[in-house]
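Down below is the structure, laid out as structure tokens.
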Amino acid sequence: MGLSGFGKMRAVESLRRDRLGHSLSALGAFLLLGLTLWAYRRWVYPFDGAVTAMIVLVPLAAFPFIRHLIRVPAGLSWLFRLFEEGSYLMVPLCFLWAVLVWVVLALRALWLPLVMLGLPPAWPFAFLRPPLDLWLSLVGAIGAVAFGLKEASSVQVRRFVIASPDIPRGLSLRVVQISDLHLGMVNDRPFVRRLVAAIKDLRPDMLVSTGDLLDGPAEGLEDVAEQLRSVAPPLGAFAVLGNHEHYAGDRMAEEFHRLCGFKVLRNEAVSSGPVVMAGVDDAPRASLSREDREGEDRFWEGLKRPEGAFVIGLKHRPALRRASAGKFHLMLCGHVHGGQIFPFSLLARSAYRHSMGLVGLKGPFRESLMYVSAGTGTWGAPVRLLAPPEVTVFDLIFGLELRGKEAE
């Protein structure tokens with residue numbers, strides 16, 4: 001069944017959790033900004049623009065949600081699309097403006113003890129008389145979002161060399177990883193064309209996607225699927241589903257992956273040359289249920305690793321089950337986006353034991369490696385701040401022991 005066959009599912013999809021999730025995050029950002037402006041008005045400078053600004057901004061939060069609940073006239077679709085993309089950009093803008101204003105408030109509060117010690121009370125805010133500091137904070141937030149738009153569109157290539165005695169001597173295999181593209185939201189076709197061209201230039205033997213390739217209705221993305229399918233690596237393309245693909249619908253997501261040329265691994269393993277790809281299905285919930293945990297454990301316990309095979313695990317979230325210990329050489333994950341927008345990168349580090357990059361595991365997982373991608377696309381706003389997107393290259397070669405390092 002092609003992507004058009006899922007058109008009848010739109011009534012259900014209009015209430016998908018990814019749209020609701022964006023509206024809630026947007027509303028949260030606007031409420032944070034409202035609290036920030038209230039604090040600034042109360043503690044620094046009394047002005048009446050805060051309430052007006054919130055009345056104007058908050059309705060934008062609902063646009064990605066409303067657009068999929070109502071039938072948009074064909075002649076106005078461009079206007080609704082403009083408001084929708086504006087809503088995506090307003091989330092980081094409001095959040096970053098709030099953060100910068102709180103920095104200003106904190107600096108003023110920290111300066112009070114120094115003033116009490118006799119320093120001039122006007123310095124260093126003599127040139128930042130309110131509300132000038134408020135508007136300069138807004139300019140700084142706008143600049144950060146503009147920089148983040150540029151950063152999100154500039155995908156970097158990270159290269160690693162993985163040596164293992166289970167790779168035949170004299171053989172070099174190249175595995176290319178993409179993750180968290182979130183196609184169907186705001187990632188546009190020129191971005192995908194540039195990405196596919198970059199992947200082809202890397203000449204991968206295998207291509208893997210570690211979840212959230214799709215994030216929205218798949219219909220209308222046939223040309224995007226055709227571009228991804230054109231990569232056609234000789235040893236195959238493999239993928240696992242992420243949590244957002246469960247929100248969009250498993251059947252639709254699997255069909256879209258098939259049209260993109262990927263074989264979806266849902267708690268299954270396949271051999272391709274000297275490599276075994278072992279893919280673990282993600283859960284549609286924020287945390288694994290008992291059924292999810294038991295299903296993953298059964299998969300790993302039943303996995304029989306062929307002698308002399310190099311096992312690559314694919315899992316969306318970077319959370320390992322003890323049952324997988326000793327079952328893989330290299331685990332590839334995504335989900336975290338590197339935090340996507342600073343300072344969320346600091347929070348990402350606390351959410352998972354390992355949230356980005358290559359690490360040699362310890363304890364029962366010793367002699368195994370894990371790599372967590374910073375992601376290739378974006379969720380929500382097409383903005384990244386101090387968390388650049390990446391395509392990751394792993395060159396597998398023979399070595400006397402399992403080790404990995406970033407290529408120079």
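Numbering starts fresh at 1 for the residues of each chain in the structure tokens, the chains themselves are lettered A, B, ... in the order given, and ligands are numbered from 1 as they appear.
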
Give me every strand (DSSP E or B) residue in stretch 189-385 of chain A, going by DSSP on the backbone, as a PyMOL selection string. chain A and resi 206-210+214+237-240+263-264+268-272+275-279+310-314+330-333+341+357-360+369-372+385

Using only C-alpha atoms, which residues sit within 8 Å of A:Leu171 once same-chain residues fewer than 4 positions away are excluded, as an MDAnalysis selection string? chainID A and resid 167 397:398

Counting only C-alpha atoms, which of A:Leu386, A:Leu37, A:Leu320, A:Leu369 gets nearest to A:Asp297?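 For A:Asp297, the nearest of the candidates is A:Leu320.
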
Neighbour list for A:Leu181 as a PyMOL selection string, cut-off 12 Å, only C-alpha atoms, skip fewer than 3 positions in-chain: chain A and resi 152-153+155+177-178+184-189+191-192+195+209-216+224+228+241-242+244-245+334-335+337+373-380+382+389-391

Selection from above, N, CA and C atoms, as a CSV table (one decimal), in the first residue's frame, can you write it?
chain,number,residue,atom,x,y,z
A,152,ALA,N,21.2,24.7,12.2
A,152,ALA,CA,20.4,23.5,12.0
A,152,ALA,C,20.5,23.1,10.5
A,153,SER,N,20.7,24.0,9.6
A,153,SER,CA,20.8,23.7,8.2
A,153,SER,C,22.2,23.2,7.8
A,155,VAL,N,24.7,20.6,8.3
A,155,VAL,CA,24.9,19.3,8.9
A,155,VAL,C,26.4,19.0,8.8
A,177,GLN,N,25.3,6.7,9.8
A,177,GLN,CA,24.2,6.8,10.6
A,177,GLN,C,23.5,8.2,10.5
A,178,ILE,N,22.2,8.2,10.3
A,178,ILE,CA,21.4,9.4,10.4
A,178,ILE,C,20.4,9.1,11.5
A,184,GLY,N,8.3,15.6,7.8
A,184,GLY,CA,6.9,15.9,7.9
A,184,GLY,C,6.5,17.0,8.7
A,185,MET,N,7.5,17.6,9.4
A,185,MET,CA,7.2,18.8,10.2
A,185,MET,C,7.7,20.0,9.4
A,186,VAL,N,8.9,20.5,9.7
A,186,VAL,CA,9.4,21.7,9.1
A,186,VAL,C,10.6,21.5,8.2
A,187,ASN,N,11.2,20.3,8.3
A,187,ASN,CA,12.4,20.0,7.5
A,187,ASN,C,12.0,20.0,6.0
A,188,ASP,N,12.6,20.9,5.2
A,188,ASP,CA,12.1,21.1,3.8
A,188,ASP,C,12.9,20.2,2.9
A,189,ARG,N,12.4,20.2,1.6
A,189,ARG,CA,13.0,19.3,0.6
A,189,ARG,C,14.4,19.7,0.2
A,191,PHE,N,16.7,20.7,2.2
A,191,PHE,CA,17.5,20.1,3.2
A,191,PHE,C,17.7,18.7,2.9
A,192,VAL,N,16.7,17.9,2.6
A,192,VAL,CA,16.8,16.5,2.3
A,192,VAL,C,17.7,16.3,1.1
A,195,LEU,N,21.2,16.7,2.1
A,195,LEU,CA,21.6,15.6,3.0
A,195,LEU,C,21.9,14.3,2.2
A,209,SER,N,19.2,4.3,10.2
A,209,SER,CA,18.5,5.4,10.8
A,209,SER,C,18.0,4.9,12.2
A,210,THR,N,18.4,5.7,13.2
A,210,THR,CA,18.1,5.3,14.6
A,210,THR,C,16.9,6.0,15.2
A,211,GLY,N,15.8,6.0,14.4
A,211,GLY,CA,14.5,6.5,14.9
A,211,GLY,C,14.1,7.9,14.6
A,212,ASP,N,12.8,8.1,14.6
A,212,ASP,CA,12.2,9.4,14.4
A,212,ASP,C,12.6,10.0,13.0
A,213,LEU,N,12.7,9.1,12.0
A,213,LEU,CA,12.8,9.5,10.6
A,213,LEU,C,11.6,10.3,10.2
A,214,LEU,N,10.4,9.8,10.6
A,214,LEU,CA,9.1,10.4,10.2
A,214,LEU,C,8.5,11.1,11.5
A,215,ASP,N,7.9,12.2,11.2
A,215,ASP,CA,7.2,12.9,12.3
A,215,ASP,C,6.0,13.7,11.8
A,216,GLY,N,5.0,13.0,11.3
A,216,GLY,CA,3.9,13.7,10.7
A,216,GLY,C,3.3,12.8,9.6
A,224,VAL,N,10.4,12.7,-1.3
A,224,VAL,CA,11.5,12.7,-0.2
A,224,VAL,C,11.9,11.2,-0.1
A,228,LEU,N,15.7,9.4,-0.6
A,228,LEU,CA,16.4,8.6,0.4
A,228,LEU,C,16.7,7.2,-0.2
A,241,LEU,N,12.2,2.2,14.7
A,241,LEU,CA,11.3,3.2,14.9
A,241,LEU,C,11.6,4.0,16.2
A,242,GLY,N,11.2,5.3,16.2
A,242,GLY,CA,11.4,6.1,17.4
A,242,GLY,C,10.0,6.4,18.0
A,244,HIS,N,8.3,9.1,18.1
A,244,HIS,CA,7.4,10.0,17.3
A,244,HIS,C,6.8,9.2,16.1
A,245,GLU,N,7.4,8.2,15.7
A,245,GLU,CA,6.8,7.3,14.6
A,245,GLU,C,5.7,6.5,15.2
A,334,GLY,N,19.9,7.5,19.2
A,334,GLY,CA,19.6,8.9,18.9
A,334,GLY,C,18.8,9.5,20.0
A,335,HIS,N,17.7,10.1,19.6
A,335,HIS,CA,16.6,10.6,20.5
A,335,HIS,C,16.9,11.9,21.2
A,337,HIS,N,19.0,14.5,20.6
A,337,HIS,CA,19.3,15.7,19.8
A,337,HIS,C,20.4,16.5,20.3
A,373,SER,N,24.0,9.7,18.7
A,373,SER,CA,24.0,10.8,17.7
A,373,SER,C,23.4,12.1,18.3
A,374,ALA,N,23.9,13.2,17.9
A,374,ALA,CA,23.3,14.5,18.2
A,374,ALA,C,22.0,14.8,17.3
A,375,GLY,N,21.8,13.8,16.4
A,375,GLY,CA,20.6,14.0,15.5
A,375,GLY,C,21.0,14.7,14.2
A,376,THR,N,20.2,14.5,13.2
A,376,THR,CA,20.4,15.1,11.9
A,376,THR,C,19.4,16.2,11.6
A,377,GLY,N,18.2,16.1,12.1
A,377,GLY,CA,17.2,17.1,11.9
A,377,GLY,C,16.8,17.8,13.2
A,378,THR,N,15.6,18.3,13.2
A,378,THR,CA,15.1,19.0,14.4
A,378,THR,C,13.7,18.6,14.7
A,379,TRP,N,13.3,18.7,16.0
A,379,TRP,CA,11.9,18.6,16.4
A,379,TRP,C,11.4,20.0,16.6
A,380,GLY,N,10.1,20.3,16.1
A,380,GLY,CA,9.6,21.6,16.4
A,380,GLY,C,10.3,22.6,15.5
A,382,PRO,N,13.0,24.6,13.4
A,382,PRO,CA,14.2,24.2,12.7
A,382,PRO,C,15.4,25.0,13.2
A,389,PRO,N,23.8,19.6,14.0
A,389,PRO,CA,23.3,18.3,13.5
A,389,PRO,C,24.4,17.6,12.9
A,390,GLU,N,24.3,16.3,12.7
A,390,GLU,CA,25.4,15.5,12.2
A,390,GLU,C,24.9,14.3,11.4
A,391,VAL,N,25.7,13.9,10.5
A,391,VAL,CA,25.7,12.5,9.9
A,391,VAL,C,27.0,11.9,10.4

Leaving out A:Ile199 and any residue of its chain fewer than 6 positions from it, which residues lie within 9 Å of it when counting only C-alpha atoms, given as a short mmCIF file (atom, residue, chain, number, x, y, z; two decimals) with N, CA and C atoms, in the first residue's frame?
data_model
loop_
_atom_site.label_atom_id
_atom_site.label_comp_id
_atom_site.auth_asym_id
_atom_site.auth_seq_id
_atom_site.Cartn_x
_atom_site.Cartn_y
_atom_site.Cartn_z
N VAL A 176 27.05 4.45 7.75
CA VAL A 176 26.66 5.85 7.93
C VAL A 176 25.35 5.89 8.71
N LEU A 207 23.62 1.92 5.47
CA LEU A 207 23.01 3.14 6.00
C LEU A 207 22.04 2.74 7.10
N VAL A 231 19.95 6.41 -2.31
CA VAL A 231 21.28 6.15 -1.71
C VAL A 231 21.69 4.71 -2.00
N VAL A 391 25.75 13.87 10.51
CA VAL A 391 25.73 12.55 9.88
C VAL A 391 27.00 11.86 10.38
#

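Distances here use only C-alpha atoms; by that measure, the residue among A:Pro343, A:Phe238, A:Val99, A:Ala26 closest to A:Leu385 is A:Pro343.
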
Atomic distance atom CA of A:Asp133 - atom CA of A:Tyr45, expressed in Å with one decimal: 10.5 Å

Using only C-alpha atoms, which of the listed residues (A:Asp166, A:Arg193, A:Leu400, A:Pro233) sits closest to A:Phe328? A:Asp166

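What separates atom CA of A:Val311 from atom CA of A:Asn243 is a distance of 23.6 Å.
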
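Among the residues of stretch 339-387 of chain A, backbone DSSP assigns helix (DSSP H, G or I) to Gly339, Phe344, Ser345, Leu346, Leu347, Ala348, Arg349, Ser350, Ala351, Gly363, Pro364 and Phe365 of chain A.
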
With C-alpha atoms retained, could you export that selection as a short mmCIF file (atom, residue, chain, number, x, y, z; two decimals), in the first residue's frame?
data_model
loop_
_atom_site.label_atom_id
_atom_site.label_comp_id
_atom_site.auth_asym_id
_atom_site.auth_seq_id
_atom_site.Cartn_x
_atom_site.Cartn_y
_atom_site.Cartn_z
CA GLY A 339 19.75 19.00 23.67
CA PHE A 344 18.71 22.00 27.17
CA SER A 345 22.01 20.29 26.30
CA LEU A 346 22.85 20.51 30.01
CA LEU A 347 19.53 18.87 30.92
CA ALA A 348 20.09 16.11 28.34
CA ARG A 349 23.26 15.09 30.13
CA SER A 350 21.30 14.53 33.33
CA ALA A 351 18.47 12.61 31.63
CA GLY A 363 30.61 -3.17 34.03
CA PRO A 364 28.62 -5.98 32.39
CA PHE A 365 28.80 -4.05 29.09
#

Please list as number ranges by chain every residue within 12 Å of A:Arg229, counting only C-alpha atoms and excluding residues in the same chain fewer than 6 positions away. A: 192-193, 196, 199-200, 207, 222-223, 236-238, 256-263

Export, as a PDB file, in the first residue's frame, the selected residues with C-alpha atoms.
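Okay, part-v5.pdb is ready:
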ATOM      1  CA  VAL A 192      16.810  16.515   2.296  1.00  0.00           C
ATOM      2  CA  ARG A 193      18.393  16.972  -1.142  1.00  0.00           C
ATOM      3  CA  VAL A 196      21.187  12.806   0.417  1.00  0.00           C
ATOM      4  CA  ILE A 199      25.476  10.760   2.175  1.00  0.00           C
ATOM      5  CA  LYS A 200      26.159   9.634  -1.391  1.00  0.00           C
ATOM      6  CA  LEU A 207      23.010   3.144   5.999  1.00  0.00           C
ATOM      7  CA  GLU A 222       6.827  10.376  -1.915  1.00  0.00           C
ATOM      8  CA  ASP A 223       9.543  12.491  -3.541  1.00  0.00           C
ATOM      9  CA  GLY A 236      21.485  -2.448   2.750  1.00  0.00           C
ATOM     10  CA  ALA A 237      19.728   0.245   4.760  1.00  0.00           C
ATOM     11  CA  PHE A 238      18.290  -0.546   8.203  1.00  0.00           C
ATOM     12  CA  PHE A 256       7.286   5.104   4.607  1.00  0.00           C
ATOM     13  CA  HIS A 257      10.553   3.448   5.677  1.00  0.00           C
ATOM     14  CA  ARG A 258      10.020   0.753   3.056  1.00  0.00           C
ATOM     15  CA  LEU A 259       9.568   3.397   0.353  1.00  0.00           C
ATOM     16  CA  CYS A 260      12.755   5.079   1.615  1.00  0.00           C
ATOM     17  CA  GLY A 261      14.624   1.803   1.106  1.00  0.00           C
ATOM     18  CA  PHE A 262      14.992   0.892   4.796  1.00  0.00           C
ATOM     19  CA  LYS A 263      14.322  -2.473   6.375  1.00  0.00           C
TER      20      LYS A 263
END
